[in-house]
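Next up, model-v6.cif (mmCIF, C-alpha atoms):
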```cif
data_query
#
loop_
_atom_site.label_atom_id
_atom_site.label_comp_id
_atom_site.auth_asym_id
_atom_site.auth_seq_id
_atom_site.Cartn_x
_atom_site.Cartn_y
_atom_site.Cartn_z
CA MET A 55 -10.82 54.77 -73.02
CA ALA A 56 -12.30 52.19 -75.34
CA ALA A 57 -13.91 49.10 -73.86
CA SER A 58 -12.24 45.77 -74.49
CA PRO A 59 -14.25 42.54 -74.40
CA ALA A 60 -11.23 40.88 -72.80
CA ILE A 61 -11.45 43.11 -69.75
CA ALA A 62 -13.23 41.60 -66.75
CA GLY A 63 -13.39 41.99 -63.01
CA THR A 64 -11.77 44.94 -61.30
CA ALA A 65 -10.41 46.30 -64.59
CA VAL A 66 -13.94 46.59 -65.97
CA ILE A 67 -15.53 47.98 -62.85
CA ALA A 68 -12.73 50.46 -62.22
CA LEU A 69 -13.34 51.88 -65.68
CA LEU A 70 -17.08 51.88 -65.25
CA LEU A 71 -17.04 53.53 -61.87
CA ALA A 72 -14.78 56.28 -63.18
CA ALA A 73 -17.22 56.92 -66.02
CA SER A 74 -20.20 58.09 -63.96
CA THR A 75 -20.25 61.80 -64.84
CA GLY A 76 -23.66 63.43 -64.57
CA LEU A 77 -25.54 60.49 -63.08
CA LEU A 78 -26.25 62.40 -59.89
CA ALA A 79 -25.47 65.94 -58.82
CA ALA A 80 -22.19 66.41 -56.96
CA ALA A 81 -21.60 68.71 -53.99
CA PRO A 82 -21.60 72.38 -55.02
CA ALA A 83 -18.20 73.35 -56.42
CA GLY A 84 -18.39 76.69 -54.63
CA ALA A 85 -19.03 75.27 -51.15
CA ALA A 86 -17.58 77.41 -48.36
CA PRO A 87 -14.16 76.37 -46.99
CA SER A 88 -14.30 74.44 -43.75
CA THR A 89 -12.48 75.18 -40.52
CA ARG A 90 -10.03 72.69 -39.04
CA ALA A 91 -12.52 71.80 -36.30
CA GLN A 92 -15.17 71.07 -38.93
CA ARG A 93 -12.72 68.91 -40.90
CA VAL A 94 -11.81 66.92 -37.80
CA ALA A 95 -15.48 66.39 -36.90
CA ALA A 96 -16.38 65.45 -40.48
CA ALA A 97 -13.49 63.00 -40.79
CA GLY A 98 -14.45 61.40 -37.49
CA ALA A 99 -18.07 60.94 -38.54
CA PHE A 100 -17.08 59.63 -41.98
CA THR A 101 -14.58 57.20 -40.46
CA GLN A 102 -17.00 55.87 -37.86
CA ARG A 103 -19.75 55.18 -40.39
CA THR A 104 -17.31 53.65 -42.88
CA LEU A 105 -15.83 51.24 -40.36
CA THR A 106 -19.35 50.25 -39.31
CA PHE A 107 -20.18 49.55 -42.94
CA GLN A 108 -17.13 47.30 -43.26
CA ARG A 109 -18.08 45.35 -40.13
CA GLN A 110 -21.57 44.83 -41.58
CA ARG A 111 -20.07 43.52 -44.83
CA ASP A 112 -17.85 41.14 -42.90
CA VAL A 113 -20.84 39.77 -41.00
CA ALA A 114 -22.81 39.36 -44.24
CA GLN A 115 -20.02 37.73 -46.21
CA ASP A 116 -21.12 34.14 -45.57
CA ASP A 117 -24.55 34.95 -47.02
CA ALA A 118 -22.93 36.65 -50.01
CA LEU A 119 -20.72 33.62 -50.66
CA LEU A 120 -23.72 31.29 -50.48
CA ALA A 121 -25.48 33.43 -53.10
CA LEU A 122 -22.35 33.31 -55.22
CA ALA A 123 -22.07 29.53 -54.97
CA ALA A 124 -25.71 29.14 -55.98
CA ARG A 125 -25.23 31.29 -59.08
CA ARG A 126 -22.05 29.47 -60.04
CA ALA A 127 -23.80 26.10 -59.77
CA SER A 128 -26.75 27.34 -61.83
CA ALA A 129 -24.46 28.40 -64.68
CA GLN A 130 -22.99 24.91 -64.93
CA ASP A 131 -26.42 23.55 -65.85
CA CYS A 132 -26.18 25.14 -69.30
CA LEU A 133 -22.49 24.49 -70.06
CA ALA A 134 -23.37 23.34 -73.57
CA VAL A 135 -24.83 26.76 -74.35
CA TRP A 136 -21.59 28.48 -73.34
CA GLN A 137 -19.60 25.93 -75.35
CA SER A 138 -21.69 26.65 -78.44
CA ALA A 139 -20.40 30.23 -78.68
CA PRO A 140 -17.84 30.96 -81.39
CA PRO A 141 -14.31 31.54 -80.05
CA ALA A 142 -14.54 35.21 -81.06
CA ARG A 143 -17.27 35.71 -78.43
CA ARG A 144 -15.49 33.97 -75.54
CA ASP A 145 -13.94 37.16 -74.14
CA GLU A 146 -17.31 38.92 -74.09
CA LEU A 147 -18.87 35.88 -72.45
CA GLY A 148 -16.15 36.14 -69.81
CA VAL A 149 -17.38 39.64 -68.97
CA VAL A 150 -20.99 38.42 -68.85
CA TYR A 151 -20.05 35.58 -66.53
CA PHE A 152 -17.93 37.70 -64.23
CA GLU A 153 -20.62 40.35 -63.77
CA TYR A 154 -23.24 37.64 -63.31
CA LEU A 155 -21.21 36.16 -60.44
CA SER A 156 -20.41 39.58 -58.99
CA GLY A 157 -24.13 40.28 -59.05
CA ALA A 158 -24.66 37.40 -56.64
CA LEU A 159 -22.53 39.19 -54.05
CA TRP A 160 -24.40 42.40 -54.83
CA THR A 161 -27.74 40.83 -53.87
CA VAL A 162 -26.46 40.82 -50.29
CA ASP A 163 -24.12 43.82 -50.30
CA ALA A 164 -26.20 46.40 -52.18
CA PRO A 165 -28.37 47.46 -49.20
CA LEU A 166 -25.24 47.82 -47.04
CA TYR A 167 -23.61 50.07 -49.61
CA ARG A 168 -26.80 52.08 -50.06
CA HIS A 169 -27.28 52.71 -46.35
CA TRP A 170 -23.61 53.59 -45.88
CA ILE A 171 -23.61 56.14 -48.68
CA THR A 172 -27.00 57.57 -47.70
CA ASP A 173 -25.83 58.11 -44.14
CA LEU A 174 -22.64 59.81 -45.33
CA ARG A 175 -24.59 62.25 -47.48
CA ARG A 176 -27.26 62.95 -44.86
CA SER A 177 -24.73 63.82 -42.17
CA LYS A 178 -24.64 67.56 -41.53
CA ARG A 179 -21.27 67.13 -39.88
CA ILE A 180 -19.77 65.53 -43.01
CA ASP A 181 -21.48 68.07 -45.23
CA ARG A 182 -19.46 70.84 -43.58
CA SER A 183 -16.31 69.41 -45.19
CA PRO A 184 -16.57 70.02 -48.96
CA VAL A 185 -13.83 67.48 -49.67
CA LEU A 186 -15.63 64.67 -47.85
CA ALA A 187 -19.04 65.72 -49.17
CA ARG A 188 -17.71 65.45 -52.71
CA ALA A 189 -16.19 62.05 -51.94
CA ALA A 190 -19.55 60.83 -50.64
CA ASP A 191 -21.27 62.13 -53.77
CA ALA A 192 -18.72 60.27 -55.89
CA LEU A 193 -19.57 57.08 -54.01
CA ARG A 194 -23.26 57.70 -54.66
CA ARG A 195 -22.68 58.00 -58.40
CA ARG A 196 -20.59 54.85 -58.35
CA TYR A 197 -23.35 53.01 -56.56
CA VAL A 198 -25.68 53.81 -59.46
CA VAL A 199 -23.14 52.46 -61.95
CA ALA A 200 -22.46 49.32 -59.91
CA THR A 201 -26.17 48.59 -59.62
CA THR A 202 -26.58 48.96 -63.38
CA ILE A 203 -23.85 46.41 -64.06
CA TYR A 204 -24.38 43.95 -61.22
CA THR A 205 -28.12 43.59 -61.84
CA ALA A 206 -27.86 43.33 -65.63
CA VAL A 207 -27.38 39.53 -65.69
CA PRO A 208 -29.71 37.90 -63.14
CA ASP A 209 -29.80 34.66 -65.17
CA ALA A 210 -26.67 33.94 -67.20
CA CYS A 211 -28.06 30.80 -68.82
CA ALA A 212 -31.08 32.70 -70.15
CA ALA A 213 -28.93 35.60 -71.38
CA VAL A 214 -26.48 33.39 -73.23
CA ALA A 215 -29.25 31.17 -74.62
CA ARG A 216 -30.98 34.24 -76.10
CA TRP A 217 -27.72 35.30 -77.69
CA ARG A 218 -27.14 31.81 -79.09
CA ASP A 219 -30.66 31.68 -80.52
CA ALA A 220 -29.90 34.96 -82.33
CA GLY A 221 -26.73 33.51 -83.82
CA PHE A 222 -24.39 35.34 -81.42
CA GLY A 223 -24.76 38.45 -83.56
CA ASP A 224 -23.91 41.98 -82.49
CA ALA A 225 -27.54 43.08 -82.37
CA ALA A 226 -28.38 40.49 -79.69
CA ARG A 227 -25.40 41.02 -77.38
CA PRO A 228 -26.38 40.83 -73.69
CA VAL A 229 -27.44 44.16 -72.24
CA VAL A 230 -24.55 44.21 -69.77
CA LEU A 231 -22.05 44.47 -72.63
CA ALA A 232 -23.86 47.44 -74.12
CA GLU A 233 -23.98 49.12 -70.71
CA ILE A 234 -20.26 48.62 -70.27
CA ASP A 235 -19.53 50.03 -73.72
CA LYS A 236 -21.65 53.10 -73.00
CA LEU A 237 -20.26 53.79 -69.55
CA VAL A 238 -16.62 53.37 -70.50
CA ALA A 239 -17.11 55.66 -73.50
CA ASP A 240 -18.30 58.44 -71.18
CA GLY A 241 -14.80 58.87 -69.78
CA ASP A 242 -13.50 59.74 -66.33
CA GLY A 243 -15.71 62.28 -64.57
CA GLY A 244 -13.08 63.09 -61.93
CA ASP A 245 -14.55 60.89 -59.20
CA ASP A 246 -11.28 58.98 -58.72
CA GLU A 247 -9.61 62.18 -57.57
CA ARG A 248 -12.59 63.19 -55.40
CA ILE A 249 -12.39 59.87 -53.59
CA ALA A 250 -8.60 60.05 -53.32
CA ALA A 251 -8.88 63.55 -51.82
CA GLY A 252 -11.46 62.30 -49.34
CA ALA A 253 -9.17 59.43 -48.35
CA ARG A 254 -6.32 61.85 -47.72
CA GLN A 255 -8.64 63.93 -45.54
CA LEU A 256 -9.52 60.89 -43.44
CA VAL A 257 -5.88 59.95 -42.94
CA ARG A 258 -5.01 63.49 -41.92
CA TYR A 259 -7.86 64.27 -39.55
CA ALA A 260 -9.29 61.04 -38.10
CA ARG A 261 -7.72 58.75 -35.51
CA ARG A 262 -8.69 55.61 -37.45
CA GLY A 263 -8.73 57.42 -40.73
CA ARG A 264 -6.16 55.20 -42.41
CA ALA A 265 -8.38 52.13 -42.14
CA ALA A 266 -11.43 54.07 -43.34
CA ALA A 267 -9.43 55.58 -46.20
CA GLU A 268 -8.58 52.10 -47.46
CA ILE A 269 -12.27 51.18 -47.54
CA LEU A 270 -13.14 54.45 -49.26
CA ARG A 271 -10.49 53.85 -51.94
CA GLY A 272 -12.09 50.47 -52.62
CA GLY A 273 -15.23 52.33 -53.59
CA VAL A 274 -18.30 50.43 -54.68
CA ASP A 275 -16.91 47.22 -56.11
CA GLU A 276 -17.18 43.50 -55.53
CA PRO A 277 -13.64 42.10 -55.22
CA ASP A 278 -12.25 39.78 -57.86
CA ALA A 279 -10.82 37.46 -55.22
CA LEU A 280 -14.25 36.49 -53.90
CA VAL A 281 -15.59 35.85 -57.38
CA GLU A 282 -12.62 33.75 -58.42
CA THR A 283 -12.20 31.74 -55.19
CA HIS A 284 -14.22 28.53 -55.13
CA THR A 285 -14.02 24.81 -54.53
CA GLY A 286 -14.69 22.12 -57.09
CA CYS A 287 -14.95 22.50 -60.84
CA ASP A 288 -16.17 25.64 -62.58
CA ALA A 289 -16.30 24.49 -66.18
CA VAL A 290 -17.94 27.70 -67.40
CA GLY A 291 -15.24 29.81 -65.75
CA ALA A 292 -12.49 27.66 -67.23
CA LEU A 293 -14.06 28.13 -70.67
CA VAL A 294 -14.66 31.89 -70.72
CA LEU A 295 -12.18 33.16 -68.09
CA PRO A 296 -9.18 30.85 -68.56
CA GLY A 297 -6.83 33.40 -67.03
CA ALA A 298 -8.62 33.17 -63.70
CA TYR A 299 -10.01 29.62 -63.64
CA GLU A 300 -8.09 26.38 -63.97
CA PRO A 301 -9.39 23.70 -66.37
CA CYS A 302 -11.44 21.01 -64.68
CA SER A 303 -9.74 17.65 -64.22
CA PRO A 304 -10.93 14.88 -66.57
#
```
Encoded form using structure tokens:
Amino acid sequence: MAASPAIAGTAVIALLLAASTGLLAAAPAGAAPSTRAQRVAAAGAFTQRTLTFQRQRDVAQDDALLALAARRASAQDCLAVWQSAPPARRDELGVVYFEYLSGALWTVDAPLYRHWITDLRRSKRIDRSPVLARAADALRRRYVVATTIYTAVPDACAAVARWRDAGFGDAARPVVLAEIDKLVADGDGGDDERIAAGARQLVRYARRGRAAAEILRGGVDEPDALVETHTGCDAVGALVLPGAYEPCSP
């Protein structure tokens, strides 16, 4: 699927996370079938660790939102630089801005994701269920992709200023746009289905599997709603993401 500069938020990340083939080795395709008892034990362990991860994210959310607010405020300091971009670059700047803001949440959430996924893959109990082991490996690959994107724009003002100074030409596009182009071009490596299969396994075999399955389906992604919800005026957002941000009042 070809990348579109107009795509931002979940649409972008969903494509990127599906395009992670070969980043890390998956569970062996020829893993031995598991018994029902092993599947029940694996689903229970996977569910328990996943629900713990979600509780940790909930506790950390205030810190993540503070980081997001700080980044949003910083971007307003160089509004004139964003305004100087030709209209043809506004959609791409929307992607840059969205991933810059998402990266603020990632500064808090990344260690939580990393520890969650590491624990899933180190669990011998989970490893005895090939379906759940493959789902955990898919999450691990998606973590690599998310880190690549969410850390690519630590300073949006500096990134856009460099692009402006180079005349907003193709050769000087921000790195995050090139990374998105490359990852989307790689295509779907099958990780969507691996995660979906893991979610079905949780629902079938774990007492609280339905709740854990919902978290698993969410994968490794910062939600659009948190990025787009704010108080006050976001003039940069209104300029480059008009579909998500209202114009500021005069």
Name all residues at most 12 Å from Ala134 of chain A (count only C-alpha atoms; drop same-chain ones fewer than 5 positions away) and give them as a CSV table (one decimal) with C-alpha atoms, in the frame of the given file.
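Saved file around-v9.csv follows:
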```csv
chain,number,residue,atom,x,y,z
A,129,ALA,CA,-24.5,28.4,-64.7
A,139,ALA,CA,-20.4,30.2,-78.7
A,211,CYS,CA,-28.1,30.8,-68.8
A,214,VAL,CA,-26.5,33.4,-73.2
A,215,ALA,CA,-29.2,31.2,-74.6
A,218,ARG,CA,-27.1,31.8,-79.1
A,289,ALA,CA,-16.3,24.5,-66.2
A,290,VAL,CA,-17.9,27.7,-67.4
A,293,LEU,CA,-14.1,28.1,-70.7
```
| request: Convert the output of the PyMOL selection byres ((chain A and resi 144-152) around 8) on the shown file into explicit residues, formatted as a VMD selection string. | output: chain A and resid 59 to 63 136 139 to 143 153 to 156 207 210 228 230 to 231 281 291 293 to 295
| said: From the options A:Asp163, A:Asp219, A:Asp288, A:Asp245, which residue's atoms come nearest to Leu133 of chain A, counting all atoms listed in the file? | reply: A:Asp288
| query | Mind pulling up the distance from atom CA of Ala164 of chain A to atom CA of Thr202 of chain A? | reply |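 Those two atoms sit 11.5 Å apart.
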| Separation of atom CA of Arg126 of chain A from atom CA of Ile203 of chain A, in Å and rounded to one decimal |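 Separating atom CA of Arg126 of chain A from atom CA of Ile203 of chain A is a distance of 17.5 Å.
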| request: Have a look at A:Ala232, A:Ala279, A:Ala114, A:Ala239 and name the one nearest to Thr161 of chain A; count only C-alpha atoms. | output: A:Ala114
